[in-house]
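> The structure's right below; bear with me while I get my questions together.
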Amino acid sequence: MLIGCPKEIKPQEYRVGLTPVAAQEAIANGHEVIVETGAGQGAGFDDDAYRAVGVDVVDTAEEIFARAELVVKVKEPQAGERQQLREGQILFTYLHLAPDGPQTRDLLASGVTAIAYETVTDRAGGLPLLAPMSEVAGRLAPQVGAWTLQKANGGRGVLMGGVPGVAPARVVVIGGGVVGTHAARIAAGMGADVTVLDMSLARLRYLDDAFGGVFKTSYASKGNTAELVEQADMVIGAVLIPGAEAPKLITRAQLSDMKPGAALVDVAIDQGGCFETSRPTTHADPIYDVDGIMHYCVANMPGAVARSSTIGLGNATMPFMLALANKGWRQACEDDAHLLAGLNTHAGHLTYYAVGKAQGIDVLSPAMALKL
Ligand SMILES: NC(=O)c1ccc[n+]([C@@H]2O[C@H](COP(=O)([O-])OP(=O)(O)OC[C@H]3O[C@@H](n4cnc5c(N)ncnc54)[C@H](O)[C@@H]3O)[C@@H](O)[C@H]2O)c1
């Protein structure tokens with residue numbers, strides 16, 4: 001199969017859909033790979049790194065879209081890219097179609113077979129192509145929180161690990177899922193005194209079994225949350241209620257009970273944020289002050305570490321990308337119900353129920369789409 005990877009054109013997107021390692025695997029499996037010049041630059045992969053593994057580096061995205069049978073990307077195709085997609089072509093990338101009517105209409109009009117990273121599932125009921133970005137955001141959260149706590153940045157001037165004779169920072173993580181677990185591990189590794197709150201007892205049991213002694217756990221009742229937040233130097237918001245806006249777990253009134261200069265890192269900002277005073281910020285201007293409490297609310301945290309994020313995403317997408325290339329999308333999806341769960345559009349039909357429900361569009365079952 002001819003696999004193509006264009007340079008991402010969404011503002012501030014530095015990741016790339018195919019790493020040289022993934023391209024090398026595809027070529028070893030007998031496929032041909034074309035990559036747009038400069039596509040990997042933001043993630044630290046120059047054209048020569050691709051050429052070295054046998055990739056044909058081409059001058060334009062137009063050539064990629066015109067020739068490739070399988071287009072591999074990171075972000076949803078932008079309007080100009082969507083005009084170049086066609087029936088019979090496979091698009092493998094993040095789509096997030098539910099709130100995006102114009103994109104949905106364009107993909108349906110193009111006839112492209114679009115498989116969305118974010119709806120591919122796994123045996124444990126997880127989302128294996130979203131998890132790597134949650135891992136990145138989780139591990140990054142204490143790092144940016146520690147920076148926010150520094151005096152020059154408006155923070156409390158507290159060192160995560162303390163020093164001998166000086167207490168470490170108190171870090172509270174609300175939500176002990178993928179983001180929360182990785183955040184807690186890194187904060188504990190920096191020497192902080194860490195407590196994770198979650199509503200799920202099953203999750204708290206798991207965390208206690210796996211990380212007892214590394215960090216503490218607490219049930220996320222209103223009372224426990226308020227008490228821990230008052231004592232915290234840093235609070236990391238990492239909750240998720242699938243398909244819903246994040247619940248507001250710290251009100252503005254509660255800020256006055258917190259320690260002046262404490263840091264709130266709201267990782268759940270991409271779902272509306274879990275603190276009442278959160279609003280989305282950018283990497284260029286990531287923090288702001290409300291009532292003396294410093295807020296960090298960057299909605300695309302993985303972009304700050306584009307290279308690590310690209311490699312993590314590439315590791316997760318590679319087996320699916322190879323299955324699509326080796327077997328063709330139909331056989332690959334017939335063999336793997338989890339990959340079939342990623343199918344969002346095919347030949348002008350919408351094949352993902354949640355998107356159909358959100359936009360009032362009729363849906364063809366993915367199983368039927370396989371027979372078209
Ligand atoms: N800002 C970014 O760049 C970025 C990147 C990746 C993920 N995220 C976001 O981070 C959030 C967490 O993602 P995840 O992958 O860890 O999700 P997850 O499903 O793995 O974990 C969410 C956890 O929150 C818990 N929870 C739900 N409601 C709660 C409540 N009221 N109190 C305490 N705990 C509660 C759940 O029990 C679960 O353990 C999501 O909103 C996700 O969109 C943001």
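The way I read the labels, and the way they are meant: chains A, B, ... in the order of the structure tokens, residue 1 as the first residue of every chain, and ligand 1 as the first ligand shown, with later ones counted on from there.
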Residues contacting ligand 1 - anything with an atom at most 7 Å away, using only C-alpha atoms and all ligand atoms - can you give me those as a PDB file with C-alpha atoms, in the first residue's frame?

```pdb
ATOM      1  CA  ALA A 131      -4.227   7.011  26.518  1.00  0.00           C
ATOM      2  CA  MET A 133      -1.747  11.718  25.332  1.00  0.00           C
ATOM      3  CA  SER A 134      -3.300  11.385  28.793  1.00  0.00           C
ATOM      4  CA  ALA A 137      -0.460  15.388  30.037  1.00  0.00           C
ATOM      5  CA  ILE A 174      -8.466  14.969  41.728  1.00  0.00           C
ATOM      6  CA  GLY A 175      -9.294  11.997  39.467  1.00  0.00           C
ATOM      7  CA  GLY A 176      -7.123   8.869  39.563  1.00  0.00           C
ATOM      8  CA  GLY A 177      -7.492   7.694  35.946  1.00  0.00           C
ATOM      9  CA  VAL A 178      -4.731   7.737  33.343  1.00  0.00           C
ATOM     10  CA  VAL A 179      -3.847  11.442  33.767  1.00  0.00           C
ATOM     11  CA  GLY A 180      -4.145  11.363  37.556  1.00  0.00           C
ATOM     12  CA  LEU A 197      -8.913  11.591  45.140  1.00  0.00           C
ATOM     13  CA  ASP A 198     -11.372   9.521  43.092  1.00  0.00           C
ATOM     14  CA  MET A 199     -15.077   8.657  43.245  1.00  0.00           C
ATOM     15  CA  SER A 200     -14.464   5.075  42.153  1.00  0.00           C
ATOM     16  CA  ARG A 203      -9.982   2.638  41.164  1.00  0.00           C
ATOM     17  CA  ALA A 220     -13.589  12.224  46.558  1.00  0.00           C
ATOM     18  CA  ALA A 238      -7.775  15.125  36.159  1.00  0.00           C
ATOM     19  CA  VAL A 239     -11.402  13.997  36.215  1.00  0.00           C
ATOM     20  CA  LEU A 240     -13.393  12.664  33.293  1.00  0.00           C
ATOM     21  CA  ILE A 241     -17.030  11.779  32.970  1.00  0.00           C
ATOM     22  CA  PRO A 242     -17.117  10.265  29.474  1.00  0.00           C
ATOM     23  CA  ALA A 246     -16.197  18.148  33.554  1.00  0.00           C
ATOM     24  CA  PRO A 247     -17.900  18.734  36.933  1.00  0.00           C
ATOM     25  CA  LEU A 249     -15.057  20.573  41.880  1.00  0.00           C
ATOM     26  CA  VAL A 267      -5.785  19.141  32.852  1.00  0.00           C
ATOM     27  CA  ALA A 268      -9.517  18.562  32.317  1.00  0.00           C
ATOM     28  CA  ILE A 269      -9.767  21.993  30.681  1.00  0.00           C
ATOM     29  CA  ASP A 270     -10.305  20.299  27.299  1.00  0.00           C
ATOM     30  CA  GLN A 271     -13.628  19.075  28.723  1.00  0.00           C
ATOM     31  CA  VAL A 298      -3.502  24.686  28.655  1.00  0.00           C
ATOM     32  CA  ALA A 299      -5.928  22.636  26.581  1.00  0.00           C
ATOM     33  CA  ASN A 300      -3.307  20.869  24.426  1.00  0.00           C
ATOM     34  CA  MET A 301      -0.613  20.088  26.965  1.00  0.00           C
ATOM     35  CA  PRO A 302       1.072  17.324  24.883  1.00  0.00           C
TER      36      PRO A 302
END
```
> Need to verify the contact set: segment 308-323 of chain A, 6 Å, only C-alpha atoms, exclusion of same-chain residues closer than 2 positions in sequence. Can you return it as a VMD selection string?
chain A and resid 15 129 132 302 305 to 306 325 to 327 332
> For the residues selected in the previous step, produce a file with C-alpha atoms as a PDB file, in the first residue's frame.

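The resulting part.pdb:
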```
ATOM      1  CA  ARG A  15       3.477  16.461  16.173  1.00  0.00           C
ATOM      2  CA  LEU A 129      -4.962   5.813  21.089  1.00  0.00           C
ATOM      3  CA  PRO A 132      -0.729   8.037  25.382  1.00  0.00           C
ATOM      4  CA  PRO A 302       1.072  17.324  24.883  1.00  0.00           C
ATOM      5  CA  VAL A 305       6.590  18.063  24.387  1.00  0.00           C
ATOM      6  CA  ALA A 306       5.904  17.354  20.719  1.00  0.00           C
ATOM      7  CA  ALA A 325      -1.811  -1.404   5.333  1.00  0.00           C
ATOM      8  CA  ASN A 326      -1.202  -5.160   5.407  1.00  0.00           C
ATOM      9  CA  LYS A 327      -4.805  -6.312   5.161  1.00  0.00           C
ATOM     10  CA  ALA A 332      -8.318  -5.362   9.269  1.00  0.00           C
TER      11      ALA A 332
END
```
> Calculated over only C-alpha atoms, which of the candidates A:Pro20, A:Gly30, A:Gly126, A:Pro280 has the smallest distance to Asp46 of chain A?
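With only C-alpha atoms as the atom set, the closest residue is A:Pro20.
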> Using only C-alpha atoms for the distances, tell me which of A:Asp122, A:Asp266, A:Glu230, A:Asp291 is nearest to Arg279 of chain A.
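Checking each of A:Asp122, A:Asp266, A:Glu230, A:Asp291 against Arg279 of chain A, counting only C-alpha atoms, the winner is A:Asp266.
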> Taking 3 positions as the minimum chain separation for residues in the same chain, which residues sit within 8 Å of Gly88 of chain A when counting only C-alpha atoms? Answer as a PDB file with all heavy atoms, in the first residue's frame.

```
ATOM      1  N   GLU A  69      -2.812   5.892  -0.562  1.00  0.00           N
ATOM      2  CA  GLU A  69      -4.012   5.077  -0.331  1.00  0.00           C
ATOM      3  C   GLU A  69      -4.409   5.129   1.146  1.00  0.00           C
ATOM      4  O   GLU A  69      -5.565   4.993   1.489  1.00  0.00           O
ATOM      5  CB  GLU A  69      -3.723   3.619  -0.722  1.00  0.00           C
ATOM      6  CG  GLU A  69      -3.381   3.436  -2.189  1.00  0.00           C
ATOM      7  CD  GLU A  69      -2.752   2.084  -2.447  1.00  0.00           C
ATOM      8  OE1 GLU A  69      -1.514   1.942  -2.328  1.00  0.00           O
ATOM      9  OE2 GLU A  69      -3.516   1.145  -2.749  1.00  0.00           O
ATOM     10  N   GLY A 111     -16.324  10.903   0.633  1.00  0.00           N
ATOM     11  CA  GLY A 111     -16.419   9.449   0.499  1.00  0.00           C
ATOM     12  C   GLY A 111     -15.277   8.700   1.183  1.00  0.00           C
ATOM     13  O   GLY A 111     -15.210   7.469   1.138  1.00  0.00           O
ATOM     14  N   VAL A 112     -14.361   9.428   1.830  1.00  0.00           N
ATOM     15  CA  VAL A 112     -13.185   8.801   2.444  1.00  0.00           C
ATOM     16  C   VAL A 112     -13.589   7.800   3.536  1.00  0.00           C
ATOM     17  O   VAL A 112     -14.655   7.939   4.161  1.00  0.00           O
ATOM     18  CB  VAL A 112     -12.254   9.901   3.043  1.00  0.00           C
ATOM     19  CG1 VAL A 112     -12.809  10.469   4.343  1.00  0.00           C
ATOM     20  CG2 VAL A 112     -10.852   9.379   3.244  1.00  0.00           C
ATOM     21  N   THR A 113     -12.764   6.776   3.732  1.00  0.00           N
ATOM     22  CA  THR A 113     -12.946   5.827   4.833  1.00  0.00           C
ATOM     23  C   THR A 113     -12.104   6.352   5.995  1.00  0.00           C
ATOM     24  O   THR A 113     -10.870   6.266   5.966  1.00  0.00           O
ATOM     25  CB  THR A 113     -12.477   4.422   4.406  1.00  0.00           C
ATOM     26  OG1 THR A 113     -13.263   4.016   3.291  1.00  0.00           O
ATOM     27  CG2 THR A 113     -12.628   3.417   5.545  1.00  0.00           C
ATOM     28  N   ALA A 347     -17.460   5.767   2.494  1.00  0.00           N
ATOM     29  CA  ALA A 347     -18.186   5.914   1.224  1.00  0.00           C
ATOM     30  C   ALA A 347     -19.441   6.791   1.368  1.00  0.00           C
ATOM     31  O   ALA A 347     -20.507   6.448   0.859  1.00  0.00           O
ATOM     32  CB  ALA A 347     -18.551   4.529   0.685  1.00  0.00           C
TER      33      ALA A 347
END
```
> Using backbone DSSP assignments, extract all strand (DSSP E or B) residues from segment 68-302 of chain A; output them as a ChimeraX atom specification.
/A:70-72,90-93,113-116,163,166,170-174,193-198,216-219,234-237,250,263-266,275,281-282,285,287-290,293-296,298
> So which bits of segment 61-277 of chain A end up helix (DSSP H, G or I) when you DSSP the backbone, as a VMD selection string?
chain A and resid 61 to 67 79 to 82 101 to 110 117 to 119 131 to 148 151 to 153 178 to 189 201 to 211 222 to 231 252 to 255 267 to 271
> Do a neighbour search on segment 256-260 of chain A at 8 Å with only C-alpha atoms, toss out local chain neighbours closer than 6 positions, and write the hits as a list in words.
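Non-adjacent residues within range: Arg156, Val229, Glu230, Gln231, Ala232, Asp233, Asp291, Gly292 and Ile293 of chain A.
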> Keeping N, CA, C and O atoms, export the residues of the selection given above as a short mmCIF file (atom, residue, chain, number, x, y, z; two decimals), in the first residue's frame.

```cif
data_model
loop_
_atom_site.label_atom_id
_atom_site.label_comp_id
_atom_site.auth_asym_id
_atom_site.auth_seq_id
_atom_site.Cartn_x
_atom_site.Cartn_y
_atom_site.Cartn_z
N ARG A 156 3.64 30.25 45.10
CA ARG A 156 3.85 30.30 46.53
C ARG A 156 5.32 30.25 46.94
O ARG A 156 5.66 30.51 48.09
N VAL A 229 -7.91 20.33 49.59
CA VAL A 229 -7.61 21.49 48.73
C VAL A 229 -7.11 22.66 49.58
O VAL A 229 -6.17 23.37 49.21
N GLU A 230 -7.70 22.85 50.76
CA GLU A 230 -7.27 23.94 51.66
C GLU A 230 -5.81 23.80 52.06
O GLU A 230 -5.10 24.78 52.22
N GLN A 231 -5.36 22.55 52.22
CA GLN A 231 -3.98 22.32 52.69
C GLN A 231 -2.97 22.25 51.55
O GLN A 231 -1.77 22.17 51.78
N ALA A 232 -3.47 22.25 50.31
CA ALA A 232 -2.60 21.93 49.17
C ALA A 232 -1.75 23.11 48.72
O ALA A 232 -2.17 24.27 48.79
N ASP A 233 -0.54 22.80 48.24
CA ASP A 233 0.25 23.79 47.51
C ASP A 233 -0.10 23.72 46.02
O ASP A 233 -0.01 24.71 45.31
N ASP A 291 -7.80 35.63 42.45
CA ASP A 291 -7.83 35.75 43.91
C ASP A 291 -6.55 35.21 44.56
O ASP A 291 -6.60 34.54 45.60
N GLY A 292 -5.41 35.43 43.89
CA GLY A 292 -4.13 35.01 44.47
C GLY A 292 -3.79 33.55 44.24
O GLY A 292 -2.76 33.06 44.72
N ILE A 293 -4.63 32.82 43.52
CA ILE A 293 -4.35 31.41 43.20
C ILE A 293 -3.98 31.32 41.72
O ILE A 293 -4.69 31.85 40.86
#
```
